[in-house]
Amino acid sequence: MDAALIPLLPLLVVGGTALLVIVLDLLPPRDRKGHLGVVALAGVVMALLVSLGLWGREGRAFRGMVVLDNFALFLDVVICYAAALVLLLSTDYLRRNDGERGEYYILVLLSTLGMVLMAAAADLIVIFLALELMSLSLYVLAGFFRGRLAAAEASMKYFLLGAFATGFFIYGIALIYGATGSTALDRIAAATRAGTRDPLLLVGLGLLLVGFGFKISSVPFHMWVPDVYEGAPTSVTAFIATGSKAAGFAALLRVLLSTFKVSQPDWTVLLWVVAVLTMTVGNVVAIAQSNLKRMLAYSSVAHVGYMLIGVVAGGALGAGSVLFYLLVYTFTTAGAFGVILLLERGRREAVDLDDYAGLAGRHPVLALTLALFLLSLIGMPPTAGFAGKFYLFGAAVRSGYIWLAVIAVLNSAVAAYYYLRVVVYMYMRDTEGLPTGPAPSFAGRLALAIALWGIFQLGLLPAPVLDLAQAAVAPLLR
Amino acid sequence: MSNTVWLIPLFPLLGTLLNALFGRWIGRHAHWIAVPALACSFLLSGAVFLRVWNGETFRGDLFPWIEAGTFRTAVTAQVDPLAAVMLLVVTGVGFLIHLYSAGYMHGDPGYARYFTYLNLFVFSMVMLVLAGNFLVLYVFWEAVGLCSYLLIGFWYTRKSAADAGKKAFIVNRVGDFGFGLGVMALWVALGTLDYGTVFDEVETLSPETATVIALLLFMGACGKSAQLPLHTWLPDAMEGPTPVSALIHAATMVTAGVYMVARTHALFERSGVALDVVAWVGGLTALFAATIGLAQTDIKRVLAYSTISQLGYMFAGVGVGAYAAGIFHLVTHAFFKALLFLGAGSVIHAQGGEQDLRKMGGLAPRMVLTTITFLVGAAGLAGLPPFAGFFSKDEILASTYHRGRLWLWALLLLGAFLTAVYIFRVVLLAFFGGPRMSKEVAHHLHESPPVMTLPLGALALLTAVAGVAVGMPSTQGTAFARFLSPVFPLSEEVGHGGLSAYALLVLSVIVAVVGLLFAWLLYGSRPIKVEAIGRPRNRLHALLLNKYYVDELYGFLFVRPLLRVAGFCARVFDLGFIDGIVNGLGQLVVGWARSMRRLQTGYVMNYALMTLLGAVVIVGFLLSR
Amino acid sequence: MEHVTLLMVFGLALLVAGAMMWLPTLLAPRRTSAAKVEPFECGKDPLALPEGRFAIKFSTVAIFFIIFDIEVMLIFPWAVQVRALGWTGYLAMLVFLGVLMLGFLYMWKKGGLEWD
């Protein structure tokens, strides 16, 4: 293999798999597409292994527009885990909902490709390209169940607002180019290091932040989240919540920490406010929800708030804990959505709180699984959620943001209410009407088992992974 | 040795997992998993013990656990002579009781659940003993408490059992609160929780600091080992299945407090005051609980108070600095108290669940094996030579005397007399005299199956020989103390003034025999009037019968005021004030949520406007700074 | 503050957009009823949109056109520099066209070009 291509290896694996699936989709059989899922999964797992194998390597490709470093590799792992869990959850789910079409797998792979590219992008234009590749695939995926009104609405809203936010993003790129004469991250950094506070640059940064804010769904750019999460197929919701968020954070961290180091005082204060707003709004509104998917949508907004704390705290510990939390969050959220996706009541997906009444009595294992994921979202030891929050808040305290940590802890307390409500429903209420039951799916169960393993592995032995995460952000802080 | 050590807790853990996960299918075969698991652990403990005997010790990390800033701790295990002895006791007695349980719990609907908990307990207890730092100790300290709670409330459909479980848990929490604070204080003071480092650096602590830490730790010990004033949970804990009472609430878990004080004796010695507190709390508890034991009518409750009393002896022993003696008593007590409980269980089992001494009597001819073994246990408890309890109790008494604690010694001696009285009262009421049970029960009376009598025999044998084997006093201390000497240096006996060691020995025997005779005079020499037992005859008797009204006192002092405060809080403060605030806050939040929901119109243009607004604010903010 | 104009543009945008959202709610009296919000069609229920329906097929074809049009545009700069780029460039273009053709094939086989 050409040495110049090594930095692209994870990308090539995912992209190649996507092309392969396109070809396979054209071949018979026409009606059953389960095997495409297997191929896609194999590709993603391969990319995961390749990323792990490349750990410690550094390199650049396309004249420095794409980089390979530990940061990109760590996020590759997160993204590949997300994609793999989603693919495992998808096959039977699609079949049950009469949505078994090959495009699904192609789009998931292309969107994964976008995410992986985003983690490795070292140029604003490449970031934009990756962002669009990821987003356009997700827009379509959100509306994948064509017959459903809610799905169409979700897809349309996601597309319109996404396009709107992208407009800001690319305007920001233009202004930054105007201010520094380059779109390459390192050259922008070099240009800013010398200069003083250039308003043009700051406006550009602000507009970039709007675009990122939309992708990671921070307040006030979170408005699309509940509608899209609710309307999209649950497997896609899980993917939007985990993969696209990880990719968004990847680019955000790279841009802020390595490129806009000089403006740190500016964006730190800004993100402080955004973090507080994001977690508070997310948690407060989540209380009022009775639809589980909607509740988890707001909860995911709140979790973005927690992760922004790490960005504010900065340094190896702060940024490292964001990466760690992304991994934790991927397992936990994919798991929680996974349980929802497996459950059905009658022929309908079980998304209402009432559907969960008395679940523990009939399906104790599944109820316990969901309860564990929810406990991890609350941040109870010994689940991974605790370790993740511990590191994030600890980083905030270490950097002197005591109040931010206090607000975050208070927020976690508020959050416990709506998560525990689900547990209460499962364990202390009696079922009324049709019983809710799990759909048979081996792959789905496998995904849940992996996610469970993840939250306990990371909860009981967090230190080694945190070390890796801190090593991963080291290239950005040089 | 490292691999072997880790296997000891592994087997019960595996047993727990298997029974927990597949209990539904394993059902009444659960003991085929649990008992062999314990057998393996026991054999391995034996192997480890032999290597420690040859002077080997072990210390190692299983894995690094928490690393946060300067705080680093690992799951560390440490095996020294003390841990080796404890391992043998826990797994050995544990194994016998598992075996016994297979018979006792036979046919219980929660059979698999029972063995799950029991294995989990042994796992936690082994880890507690193996712990090489305070954090691991604390974690498994709580874990054994949890198992205790689960097993006390094992028959959770019975309200009294569920309440007893809660009581045990809450009272223990009071102690553990102190324990937790103690561990934290230790970290603040020394910056480490590792045993070795702590004990090496203990000299750097000021005596006052050491006192605070030691007393906080001892608070936990009081809770776990049911010492004054936190003893009230243990008698109620008898609601659990009898083998559980034998294993957890007599032989192993409740002795964790003694073990902890002995293990951390460097800290207590640095303080000095704390050690005195330990000794006096132990001495007072020993006498106090013994007096209550005189009046109780429930066979298991008598044994429970006896346990509290004997734990008091152990604390008195370690409190005067005779650590080896305290631990030795812990070991012999594990044998004879487990034996007594299992014997009581056998009796209860034979009588279809009856625990009231007033409805027993005359069991001896029908249950010969149980009677003989119970007698051995009683002799051990009362301190009759040559049974184990005689040697260990005498060790403690002699140490107290020789270290000049005459008042304490007198307390303990009086306690020893009472011990002999109450235990032979039980023996006489249960096994001798005329039968007082109903005809139906008498008809079904039977000796227990071999799976139950076998452990009885084994424990009786241990009770009979353990003392002679390792507890013979000599000028170099007992064999047991010599074995433990790497942990507790042999102290030269100070001040041989007053009575000589042999005079003390004889005195102990006399006290025990007099107690025995006294009991016979009251309950054996003439036919018993059942109606008179358990009825208050005079004020003192009423006081004892009602356990000094401690429960009532706590009810009056803490529970009722708490309830009243709670009631006040609930009615006035909570409904009025807090609910006002909460409802207000709630309404605020709901109102907020609603207004935000109104923002969440579902109209894309509104969302887009929001995005635009956000962009303007962000850019404006960045420019205006 | 040389870029104060930029800030002003933003401020103005905010102001105008906000005013446009807010003023009608303030000024216009609104007593809506079911009949009022309906499109008017001579007192009958409306049958179709005034401008008539537009076949969605036109837009798909338009989308396909734009996609392929833009992608083919890449060939022009390549063609200008083809000698300078050498064999690497040639191979890269082959890969690019291969992927493009694969997409085309996919569209074709999936029936994207069929009018009915």
# chains A, B, ... in the order shown; residues from 1 in each chain; ligands from 1
>>> interface_residues(of="chain B", to="chain A", cutoff="6 Å", atoms="only C-alpha atoms", output="MDAnalysis selection string")
chainID B and resid 593 607 611 614:615 618:619
>>> interface_residues(of="chain C", to="chain A", cutoff="7 Å", atoms="only C-alpha atoms", output="list in words")
His3, Tyr106 and Lys109 of chain C
>>> interface_residues(of="chain C", to="chain B", cutoff="12 Å", atoms="only C-alpha atoms", output="CSV table (one decimal) with C-alpha atoms, in the first residue's frame")
chain,number,residue,atom,x,y,z
C,1,MET,CA,-14.3,49.0,15.4
C,2,GLU,CA,-13.7,49.1,11.7
C,3,HIS,CA,-16.2,46.3,11.2
C,4,VAL,CA,-19.0,48.1,13.0
C,5,THR,CA,-21.0,48.1,9.9
C,6,LEU,CA,-21.1,44.4,10.0
C,7,LEU,CA,-22.5,44.5,13.5
C,8,MET,CA,-25.0,47.0,12.3
C,9,VAL,CA,-26.1,44.7,9.5
C,10,PHE,CA,-26.7,42.0,12.0
C,11,GLY,CA,-28.5,44.4,14.3
C,12,LEU,CA,-30.7,45.6,11.5
C,13,ALA,CA,-31.5,42.1,10.4
C,14,LEU,CA,-32.5,41.2,13.9
C,15,LEU,CA,-34.6,44.3,14.2
C,16,VAL,CA,-36.4,43.9,11.0
C,17,ALA,CA,-37.0,40.2,11.4
C,18,GLY,CA,-38.2,40.6,14.9
C,19,ALA,CA,-40.4,43.5,14.0
C,20,MET,CA,-42.0,41.5,11.2
C,21,MET,CA,-42.8,38.7,13.5
C,22,TRP,CA,-44.0,40.8,16.4
>>> residues_around(residues="segment 174-191 of chain B", least_positions_apart="5", cutoff="7 Å", atoms="only C-alpha atoms", output="PyMOL selection string")
chain B and resi 134+213+216-217+219-220+222-223
>>> residues_around(residues="Gly92 of chain B", least_positions_apart="3", cutoff="12 Å", atoms="only C-alpha atoms", output="PyMOL selection string")
chain B and resi 8+35+37-46+84-89+95-99+122+126+247+251-252+331+334-335+338+455+458-459+462
>>> write_last_selection(atoms="N, CA and C atoms", output="short mmCIF file (atom, residue, chain, number, x, y, z; two decimals), in the first residue's frame")
data_model
loop_
_atom_site.label_atom_id
_atom_site.label_comp_id
_atom_site.auth_asym_id
_atom_site.auth_seq_id
_atom_site.Cartn_x
_atom_site.Cartn_y
_atom_site.Cartn_z
N ILE B 8 -9.69 -17.48 45.92
CA ILE B 8 -10.54 -17.70 47.09
C ILE B 8 -11.85 -16.92 46.98
N VAL B 35 -22.29 -24.96 47.52
CA VAL B 35 -21.47 -25.68 48.51
C VAL B 35 -20.10 -26.05 47.95
N ALA B 37 -18.50 -24.50 45.70
CA ALA B 37 -17.75 -23.25 45.57
C ALA B 37 -17.05 -22.93 46.89
N LEU B 38 -17.81 -23.10 47.98
CA LEU B 38 -17.23 -22.81 49.30
C LEU B 38 -16.14 -23.82 49.64
N ALA B 39 -16.38 -25.09 49.26
CA ALA B 39 -15.39 -26.12 49.54
C ALA B 39 -14.07 -25.75 48.88
N CYS B 40 -14.14 -25.31 47.61
CA CYS B 40 -12.92 -24.91 46.90
C CYS B 40 -12.24 -23.77 47.63
N SER B 41 -13.05 -22.76 48.00
CA SER B 41 -12.48 -21.62 48.70
C SER B 41 -11.79 -22.06 49.98
N PHE B 42 -12.43 -22.97 50.69
CA PHE B 42 -11.89 -23.42 51.96
C PHE B 42 -10.56 -24.14 51.75
N LEU B 43 -10.54 -25.03 50.76
CA LEU B 43 -9.30 -25.77 50.49
C LEU B 43 -8.17 -24.80 50.12
N LEU B 44 -8.51 -23.82 49.28
CA LEU B 44 -7.50 -22.84 48.90
C LEU B 44 -7.03 -22.04 50.10
N SER B 45 -8.00 -21.68 50.97
CA SER B 45 -7.62 -20.94 52.17
C SER B 45 -6.66 -21.77 52.99
N GLY B 46 -6.92 -23.07 53.06
CA GLY B 46 -6.02 -23.96 53.79
C GLY B 46 -4.63 -23.91 53.19
N ALA B 84 -4.88 -14.74 57.14
CA ALA B 84 -4.93 -16.18 56.89
C ALA B 84 -5.86 -16.87 57.88
N VAL B 85 -5.75 -16.47 59.16
CA VAL B 85 -6.64 -17.05 60.17
C VAL B 85 -8.09 -16.73 59.84
N MET B 86 -8.33 -15.45 59.53
CA MET B 86 -9.70 -15.03 59.24
C MET B 86 -10.24 -15.76 58.02
N LEU B 87 -9.40 -15.94 57.01
CA LEU B 87 -9.82 -16.64 55.81
C LEU B 87 -10.29 -18.05 56.15
N LEU B 88 -9.46 -18.71 56.97
CA LEU B 88 -9.82 -20.08 57.35
C LEU B 88 -11.17 -20.10 58.06
N VAL B 89 -11.35 -19.17 58.99
CA VAL B 89 -12.60 -19.15 59.75
C VAL B 89 -13.77 -18.89 58.82
N PHE B 95 -18.32 -22.84 54.95
CA PHE B 95 -18.58 -24.10 54.25
C PHE B 95 -19.53 -24.97 55.05
N LEU B 96 -19.25 -25.12 56.35
CA LEU B 96 -20.10 -25.98 57.19
C LEU B 96 -21.54 -25.46 57.19
N ILE B 97 -21.67 -24.14 57.24
CA ILE B 97 -23.02 -23.59 57.32
C ILE B 97 -23.73 -23.69 55.97
N HIS B 98 -22.98 -23.58 54.89
CA HIS B 98 -23.59 -23.82 53.57
C HIS B 98 -24.15 -25.24 53.52
N LEU B 99 -23.33 -26.16 54.01
CA LEU B 99 -23.74 -27.57 54.00
C LEU B 99 -25.03 -27.74 54.80
N VAL B 122 -20.20 -14.53 51.46
CA VAL B 122 -18.86 -15.09 51.68
C VAL B 122 -17.84 -14.37 50.82
N VAL B 126 -14.77 -12.41 52.42
CA VAL B 126 -13.39 -12.76 52.07
C VAL B 126 -12.65 -11.53 51.57
N LEU B 247 -23.99 -17.84 60.59
CA LEU B 247 -22.84 -17.44 59.79
C LEU B 247 -22.55 -15.95 59.92
N ALA B 251 -20.86 -15.76 63.61
CA ALA B 251 -19.50 -16.24 63.39
C ALA B 251 -18.63 -15.24 62.64
N THR B 252 -19.15 -14.61 61.60
CA THR B 252 -18.23 -13.85 60.76
C THR B 252 -18.50 -12.36 60.70
N VAL B 331 -12.07 -16.40 66.95
CA VAL B 331 -12.04 -17.69 66.25
C VAL B 331 -12.85 -18.74 67.02
N ALA B 334 -16.43 -18.10 66.87
CA ALA B 334 -17.02 -18.51 65.59
C ALA B 334 -17.40 -19.97 65.64
N PHE B 335 -16.56 -20.79 66.24
CA PHE B 335 -16.86 -22.22 66.30
C PHE B 335 -18.07 -22.49 67.19
N ALA B 338 -21.44 -20.56 66.22
CA ALA B 338 -22.05 -21.17 65.04
C ALA B 338 -22.68 -22.50 65.44
N PRO B 455 -22.32 -30.93 60.04
CA PRO B 455 -21.67 -29.68 60.46
C PRO B 455 -21.68 -29.51 61.97
N ALA B 458 -18.83 -31.49 63.28
CA ALA B 458 -17.54 -30.89 62.94
C ALA B 458 -17.25 -29.69 63.84
N LEU B 459 -18.29 -28.85 64.02
CA LEU B 459 -18.08 -27.66 64.84
C LEU B 459 -17.85 -28.05 66.30
N LEU B 462 -14.33 -29.03 66.66
CA LEU B 462 -13.47 -27.85 66.68
C LEU B 462 -13.54 -27.17 68.04
#
>>> residues_around(residues="Gly60 of chain B", least_positions_apart="6", cutoff="9 Å", atoms="only C-alpha atoms", output="list of chain:residue names")
B:Ser2, B:Val75, B:Thr76, B:Ala77, B:Gln78, B:Gly132
>>> closest_residue(among="B:Val427, B:Leu146, B:Leu413, B:Ala322", to="Val509 of chain B", atoms="only C-alpha atoms")
B:Leu413
>>> select_by_dssp(residues="segment 35-120 of chain A", states="strand (DSSP E or B)", output="MDAnalysis selection string")
chainID A and resid 59:61 66:68
>>> closest_residue(among="B:Leu504, B:Ala350, B:Leu521, B:Leu562", to="Leu363 of chain B", atoms="only C-alpha atoms")
B:Ala350
>>> select_by_dssp(residues="chain C", states="helix (DSSP H, G or I)", output="short mmCIF file (atom, residue, chain, number, x, y, z; two decimals) with N, CA and C atoms, in the first residue's frame")
data_model
loop_
_atom_site.label_atom_id
_atom_site.label_comp_id
_atom_site.auth_asym_id
_atom_site.auth_seq_id
_atom_site.Cartn_x
_atom_site.Cartn_y
_atom_site.Cartn_z
N VAL C 4 -17.73 47.80 12.35
CA VAL C 4 -18.97 48.11 13.05
C VAL C 4 -20.16 48.01 12.10
N THR C 5 -19.89 48.24 10.84
CA THR C 5 -20.99 48.13 9.87
C THR C 5 -21.55 46.72 9.86
N LEU C 6 -20.64 45.77 9.98
CA LEU C 6 -21.07 44.37 9.98
C LEU C 6 -22.03 44.12 11.13
N LEU C 7 -21.63 44.66 12.27
CA LEU C 7 -22.46 44.50 13.45
C LEU C 7 -23.81 45.16 13.21
N MET C 8 -23.76 46.31 12.53
CA MET C 8 -25.00 47.03 12.28
C MET C 8 -25.92 46.21 11.38
N VAL C 9 -25.32 45.55 10.40
CA VAL C 9 -26.13 44.72 9.51
C VAL C 9 -26.84 43.64 10.32
N PHE C 10 -26.08 43.04 11.20
CA PHE C 10 -26.69 42.00 12.03
C PHE C 10 -27.82 42.57 12.87
N GLY C 11 -27.52 43.73 13.48
CA GLY C 11 -28.52 44.36 14.34
C GLY C 11 -29.77 44.68 13.56
N LEU C 12 -29.57 45.17 12.38
CA LEU C 12 -30.70 45.57 11.55
C LEU C 12 -31.52 44.34 11.16
N ALA C 13 -30.78 43.29 10.79
CA ALA C 13 -31.47 42.05 10.41
C ALA C 13 -32.34 41.57 11.56
N LEU C 14 -31.76 41.60 12.72
CA LEU C 14 -32.48 41.17 13.91
C LEU C 14 -33.72 42.02 14.11
N LEU C 15 -33.51 43.33 13.99
CA LEU C 15 -34.59 44.27 14.24
C LEU C 15 -35.74 44.05 13.27
N VAL C 16 -35.38 44.00 12.00
CA VAL C 16 -36.42 43.87 10.98
C VAL C 16 -37.16 42.55 11.12
N ALA C 17 -36.38 41.49 11.27
CA ALA C 17 -37.02 40.17 11.37
C ALA C 17 -37.92 40.11 12.59
N GLY C 18 -37.39 40.64 13.71
CA GLY C 18 -38.17 40.62 14.94
C GLY C 18 -39.44 41.43 14.78
N ALA C 19 -39.29 42.60 14.19
CA ALA C 19 -40.44 43.47 14.03
C ALA C 19 -41.50 42.82 13.16
N MET C 20 -41.02 42.14 12.12
CA MET C 20 -41.98 41.51 11.21
C MET C 20 -42.75 40.39 11.89
N MET C 21 -42.09 39.74 12.82
CA MET C 21 -42.79 38.68 13.55
C MET C 21 -43.75 39.26 14.59
N TRP C 22 -43.31 40.36 15.15
CA TRP C 22 -43.96 40.81 16.38
C TRP C 22 -45.07 41.81 16.10
N LEU C 23 -44.81 42.72 15.11
CA LEU C 23 -45.78 43.78 14.87
C LEU C 23 -47.17 43.26 14.52
N PRO C 24 -47.29 42.30 13.63
CA PRO C 24 -48.65 41.82 13.28
C PRO C 24 -49.44 41.36 14.50
N THR C 25 -48.76 40.64 15.40
CA THR C 25 -49.50 40.17 16.57
C THR C 25 -49.99 41.35 17.39
N LEU C 26 -49.27 42.47 17.28
CA LEU C 26 -49.63 43.63 18.07
C LEU C 26 -50.74 44.43 17.38
N LEU C 27 -50.57 44.58 16.08
CA LEU C 27 -51.44 45.50 15.35
C LEU C 27 -52.72 44.86 14.86
N ALA C 34 -62.86 28.91 11.15
CA ALA C 34 -62.51 27.88 10.18
C ALA C 34 -62.70 28.38 8.76
N ALA C 35 -63.79 29.11 8.57
CA ALA C 35 -64.08 29.56 7.21
C ALA C 35 -63.05 30.57 6.74
N LYS C 36 -62.57 31.38 7.71
CA LYS C 36 -61.68 32.47 7.30
C LYS C 36 -60.33 31.98 6.81
N VAL C 37 -59.81 30.91 7.47
CA VAL C 37 -58.46 30.50 7.10
C VAL C 37 -58.44 29.65 5.85
N ILE C 56 -43.60 15.53 -9.41
CA ILE C 56 -42.36 15.47 -8.63
C ILE C 56 -41.21 14.98 -9.48
N LYS C 57 -41.55 14.26 -10.57
CA LYS C 57 -40.50 13.69 -11.41
C LYS C 57 -39.59 14.76 -11.98
N PHE C 58 -40.19 15.95 -12.24
CA PHE C 58 -39.37 17.03 -12.77
C PHE C 58 -38.25 17.37 -11.80
N SER C 59 -38.62 17.42 -10.52
CA SER C 59 -37.57 17.80 -9.57
C SER C 59 -36.51 16.73 -9.45
N THR C 60 -36.90 15.45 -9.47
CA THR C 60 -35.86 14.43 -9.38
C THR C 60 -34.90 14.54 -10.56
N VAL C 61 -35.46 14.72 -11.72
CA VAL C 61 -34.58 14.84 -12.89
C VAL C 61 -33.68 16.06 -12.73
N ALA C 62 -34.27 17.13 -12.22
CA ALA C 62 -33.46 18.33 -12.02
C ALA C 62 -32.32 18.07 -11.05
N ILE C 63 -32.65 17.34 -9.98
CA ILE C 63 -31.62 17.05 -8.98
C ILE C 63 -30.50 16.22 -9.60
N PHE C 64 -30.92 15.18 -10.35
CA PHE C 64 -29.91 14.33 -11.00
C PHE C 64 -29.03 15.17 -11.91
N PHE C 65 -29.67 16.06 -12.65
CA PHE C 65 -28.91 16.88 -13.58
C PHE C 65 -27.86 17.69 -12.83
N ILE C 66 -28.31 18.33 -11.76
CA ILE C 66 -27.38 19.20 -11.02
C ILE C 66 -26.21 18.39 -10.48
N ILE C 67 -26.55 17.23 -9.89
CA ILE C 67 -25.50 16.41 -9.31
C ILE C 67 -24.45 16.05 -10.35
N PHE C 68 -24.90 15.48 -11.46
CA PHE C 68 -23.94 15.02 -12.45
C PHE C 68 -23.25 16.18 -13.13
N ASP C 69 -23.96 17.25 -13.31
CA ASP C 69 -23.40 18.43 -13.92
C ASP C 69 -22.20 18.92 -13.12
N ILE C 70 -22.43 19.04 -11.81
CA ILE C 70 -21.38 19.58 -10.96
C ILE C 70 -20.19 18.62 -10.91
N GLU C 71 -20.50 17.34 -10.85
CA GLU C 71 -19.40 16.38 -10.74
C GLU C 71 -18.58 16.38 -12.02
N VAL C 72 -19.25 16.48 -13.15
CA VAL C 72 -18.53 16.46 -14.42
C VAL C 72 -17.67 17.72 -14.57
N MET C 73 -18.11 18.81 -13.89
CA MET C 73 -17.32 20.04 -13.93
C MET C 73 -15.89 19.83 -13.50
N ILE C 75 -13.98 17.60 -14.24
CA ILE C 75 -13.13 17.09 -15.31
C ILE C 75 -12.43 18.23 -16.05
N PHE C 76 -13.05 19.40 -16.11
CA PHE C 76 -12.45 20.50 -16.87
C PHE C 76 -11.10 20.93 -16.31
N PRO C 77 -11.03 21.31 -15.05
CA PRO C 77 -9.70 21.67 -14.54
C PRO C 77 -8.70 20.53 -14.65
N TRP C 78 -9.19 19.32 -14.49
CA TRP C 78 -8.30 18.17 -14.63
C TRP C 78 -7.74 18.10 -16.03
N ALA C 79 -8.65 18.31 -17.01
CA ALA C 79 -8.24 18.19 -18.40
C ALA C 79 -7.18 19.23 -18.74
N VAL C 80 -7.33 20.43 -18.16
CA VAL C 80 -6.36 21.49 -18.44
C VAL C 80 -4.98 21.08 -17.95
N VAL C 82 -3.87 17.95 -17.28
CA VAL C 82 -3.71 16.51 -17.30
C VAL C 82 -2.25 16.07 -17.45
N ARG C 83 -1.46 16.84 -18.23
CA ARG C 83 -0.09 16.43 -18.42
C ARG C 83 0.73 16.64 -17.15
N ALA C 84 0.47 17.77 -16.52
CA ALA C 84 1.22 18.07 -15.28
C ALA C 84 0.90 17.07 -14.18
N LEU C 85 -0.31 16.59 -14.18
CA LEU C 85 -0.72 15.69 -13.09
C LEU C 85 -0.18 14.27 -13.26
N GLY C 86 0.11 13.91 -14.48
CA GLY C 86 0.75 12.62 -14.72
C GLY C 86 -0.15 11.43 -14.44
N TRP C 87 0.49 10.30 -14.23
CA TRP C 87 -0.27 9.06 -14.08
C TRP C 87 -1.11 9.04 -12.81
N THR C 88 -0.58 9.66 -11.76
CA THR C 88 -1.35 9.71 -10.51
C THR C 88 -2.68 10.41 -10.75
N GLY C 89 -2.60 11.54 -11.45
CA GLY C 89 -3.81 12.28 -11.75
C GLY C 89 -4.75 11.47 -12.60
N TYR C 90 -4.17 10.75 -13.54
CA TYR C 90 -5.00 9.93 -14.43
C TYR C 90 -5.74 8.88 -13.63
N LEU C 91 -5.00 8.19 -12.76
CA LEU C 91 -5.62 7.15 -11.93
C LEU C 91 -6.69 7.74 -11.03
N ALA C 92 -6.36 8.92 -10.45
CA ALA C 92 -7.32 9.55 -9.55
C ALA C 92 -8.62 9.83 -10.28
N MET C 93 -8.47 10.34 -11.52
CA MET C 93 -9.67 10.64 -12.28
C MET C 93 -10.45 9.37 -12.62
N LEU C 94 -9.69 8.29 -12.90
CA LEU C 94 -10.38 7.02 -13.18
C LEU C 94 -11.20 6.57 -11.97
N VAL C 95 -10.58 6.68 -10.80
CA VAL C 95 -11.31 6.31 -9.58
C VAL C 95 -12.55 7.18 -9.43
N PHE C 96 -12.34 8.48 -9.64
CA PHE C 96 -13.45 9.41 -9.50
C PHE C 96 -14.59 9.05 -10.46
N LEU C 97 -14.22 8.83 -11.71
CA LEU C 97 -15.25 8.50 -12.70
C LEU C 97 -15.90 7.16 -12.38
N GLY C 98 -15.08 6.25 -11.87
CA GLY C 98 -15.63 4.95 -11.49
C GLY C 98 -16.73 5.11 -10.46
N VAL C 99 -16.43 5.89 -9.43
CA VAL C 99 -17.43 6.11 -8.39
C VAL C 99 -18.65 6.78 -8.98
N LEU C 100 -18.40 7.75 -9.84
CA LEU C 100 -19.51 8.48 -10.47
C LEU C 100 -20.37 7.53 -11.29
N MET C 101 -19.72 6.67 -12.05
CA MET C 101 -20.45 5.72 -12.88
C MET C 101 -21.25 4.75 -12.02
N LEU C 102 -20.65 4.37 -10.90
CA LEU C 102 -21.35 3.48 -9.99
C LEU C 102 -22.65 4.13 -9.51
N GLY C 103 -22.52 5.44 -9.18
CA GLY C 103 -23.72 6.17 -8.77
C GLY C 103 -24.74 6.22 -9.88
N PHE C 104 -24.25 6.44 -11.09
CA PHE C 104 -25.14 6.50 -12.24
C PHE C 104 -25.86 5.17 -12.44
N LEU C 105 -25.06 4.11 -12.34
CA LEU C 105 -25.61 2.76 -12.49
C LEU C 105 -26.70 2.51 -11.44
N TYR C 106 -26.38 2.93 -10.25
CA TYR C 106 -27.32 2.73 -9.14
C TYR C 106 -28.63 3.44 -9.43
N MET C 107 -28.50 4.69 -9.87
CA MET C 107 -29.68 5.48 -10.18
C MET C 107 -30.50 4.80 -11.27
N TRP C 108 -29.80 4.33 -12.27
CA TRP C 108 -30.44 3.70 -13.42
C TRP C 108 -31.19 2.44 -12.98
N LYS C 109 -30.44 1.54 -12.27
CA LYS C 109 -31.04 0.27 -11.91
C LYS C 109 -32.19 0.44 -10.94
#
>>> residues_around(residues="Val261 of chain B", least_positions_apart="6", cutoff="12 Å", atoms="only C-alpha atoms", output="PyMOL selection string")
chain B and resi 179+213-222+224-225+255+267-269+274-275+277-279+282+314-324+326-327
>>> atom_distance(atom1="atom CA of Ala364 of chain B", atom2="atom CA of Phe424 of chain B")
13.8 Å
>>> atom_distance(atom1="atom CA of Trp155 of chain B", atom2="atom CA of Tyr114 of chain B")
9.9 Å
